[in-house]
Amino acid sequence: MTKTLRIAVLTLGATAVVLPLLVVLFGTFKTLPQLFDSPLSPPSAPTLDNYRRAVDEGGLGPAFVNSLAVTAGAVALTLAVAGPAAFFCARVPGRAGWLVFGVLVAGLAVPAQAAIVPQYVLFDRLGLTDSLLGLVLVDTTMTLPTAVFILGGFLRTIPQELYEAAELDGAGPLRAFRSIALPLTRPALATTAIFLFVMDWNDLLYPLLFVRSAEHRTLPLALLDFQGEFLTRYPLLFAGVVIASAPVVVVYVLLQRHFVSGLTAGAVRG
């Protein structure tokens, strides 16, 4: 591939990505007629009314708080469970560790839709439907295999000599996990946290299935109200999408250094 052709392909790909983003961003500052008349042009008379209406009339304020609570709780609980579980799988010698690891990550092969009915019946009997706690628990259940898979692969790259030296100093498994494994797995934890945050923040399936009252709606569920049977309020929808995307961008910017290093940390054994 020549240099000119490569530049042309990259330019075409960048245009295909940037152009829809500009339409959405410009559309948040336009009225519906202005958006239909000139979707690609910058707003001639920018207005923040769409953001105000999205928060006040669309109820995105409470939904944002609910999504933040559910996502923070699910990410924290998943990491709290996945960290020790992955450490156990990495430290148990022989086939036993791999067997437990395989059982834990087997959930990656099960589509979420296949478990909807038994999950709903179980959570309904436990009184956890239409509650934020129920969403936290079900998100933790569904993202736990992903977290164990990422952390387990990284923990297996830590030299065993470090653990042996800790054992000679009298450190038990919990002390080794706290003093050796956790400090060394910060890049992997940051990578896992970003993946979990995106998965939990954008989850629509379980809020749509579990939540029945308006007070427990999350952001993806609240955005559905902007789409009507005969007319979709695109400027409000675009404003809601920008509001919903902002926390993901902020989290990635704050953790990008650890994210990049965490992606390659377990690729080569030291």
# chains A, B, ... in the order shown; residues from 1 in each chain; ligands from 1

$ closest_atom_pairs --of "segment 161-220 of chain A" --to "segment 130-147 of chain A" --cutoff "12 Å" --atoms "only C-alpha atoms" --output "Markdown table"
| residue | atom | partner | partner_atom | distance |
| --- | --- | --- | --- | --- |
| A:Ala188 | CA | A:Ala147 | CA | 9.6 |
| A:Leu189 | CA | A:Ala147 | CA | 8.7 |
| A:Ala190 | CA | A:Ala147 | CA | 10.9 |
| A:Thr191 | CA | A:Ala147 | CA | 9.5 |
| A:Thr192 | CA | A:Ala147 | CA | 6.0 |
| A:Ala193 | CA | A:Ala147 | CA | 8.4 |
| A:Ile194 | CA | A:Ala147 | CA | 10.6 |
| A:Phe195 | CA | A:Ala147 | CA | 8.5 |
| A:Leu196 | CA | A:Thr143 | CA | 6.8 |
| A:Phe197 | CA | A:Thr143 | CA | 10.0 |
| A:Val198 | CA | A:Thr143 | CA | 10.8 |
| A:Met199 | CA | A:Thr143 | CA | 7.9 |
| A:Asp200 | CA | A:Asp139 | CA | 6.5 |
| A:Trp201 | CA | A:Asp139 | CA | 9.9 |
| A:Asn202 | CA | A:Asp139 | CA | 11.1 |
| A:Asp203 | CA | A:Asp139 | CA | 8.5 |
| A:Leu204 | CA | A:Leu135 | CA | 10.7 |
| A:Leu205 | CA | A:Asp139 | CA | 10.3 |
| A:Tyr206 | CA | A:Leu135 | CA | 7.0 |
| A:Pro207 | CA | A:Leu135 | CA | 7.0 |
| A:Leu208 | CA | A:Asp130 | CA | 9.9 |
| A:Leu209 | CA | A:Asp130 | CA | 9.0 |
| A:Phe210 | CA | A:Asp130 | CA | 5.4 |
| A:Val211 | CA | A:Asp130 | CA | 4.2 |
| A:Arg212 | CA | A:Asp130 | CA | 5.7 |
| A:Ser213 | CA | A:Asp130 | CA | 6.8 |
| A:Ala214 | CA | A:Asp130 | CA | 9.6 |
| A:Glu215 | CA | A:Asp130 | CA | 9.4 |
| A:His216 | CA | A:Ser131 | CA | 6.5 |
| A:Arg217 | CA | A:Leu132 | CA | 8.9 |
| A:Thr218 | CA | A:Leu132 | CA | 9.2 |

$ select_by_dssp --residues "segment 22-150 of chain A" --states "alpha helix (DSSP H)" --output "number ranges by chain"
A: 22-27, 32-37, 49-56, 60-91, 95-105, 116-125, 132-150

$ residues_around --residues "Val103 of chain A" --least-positions-apart "6" --cutoff "12 Å" --atoms "only C-alpha atoms" --output "number ranges by chain"
A: 85-86, 89, 96-97, 109-110, 144-145, 148-149

$ residues_around --residues "Gly59 of chain A" --least-positions-apart "5" --cutoff "9 Å" --atoms "only C-alpha atoms" --output "ChimeraX atom specification"
/A:53-54,64,214,222

$ residues_around --residues "Ser41 of chain A" --least-positions-apart "5" --cutoff "9 Å" --atoms "only C-alpha atoms" --output "count of residues only"
4

$ closest_residue --among "A:Ala181, A:Ala171, A:Leu221, A:Leu68" --to "Pro159 of chain A" --atoms "only C-alpha atoms"
A:Ala181

$ closest_residue --among "A:Pro46, A:Pro111, A:Gly73, A:Pro84" --to "Gly152 of chain A" --atoms "only C-alpha atoms"
A:Pro84

$ closest_residue --among "A:Ile150, A:Leu255, A:Leu21, A:Ile180" --to "Leu162 of chain A" --atoms "only C-alpha atoms"
A:Ile180

$ closest_residue --among "A:Leu77, A:Ala244, A:Ala239, A:Leu174" --to "Lys30 of chain A" --atoms "only C-alpha atoms"
A:Ala239

$ residues_around --residues "Ser179 of chain A" --least-positions-apart "6" --cutoff "12 Å" --atoms "only C-alpha atoms" --output "VMD selection string"
chain A and resid 162 to 163 166 to 167 171 to 173 185
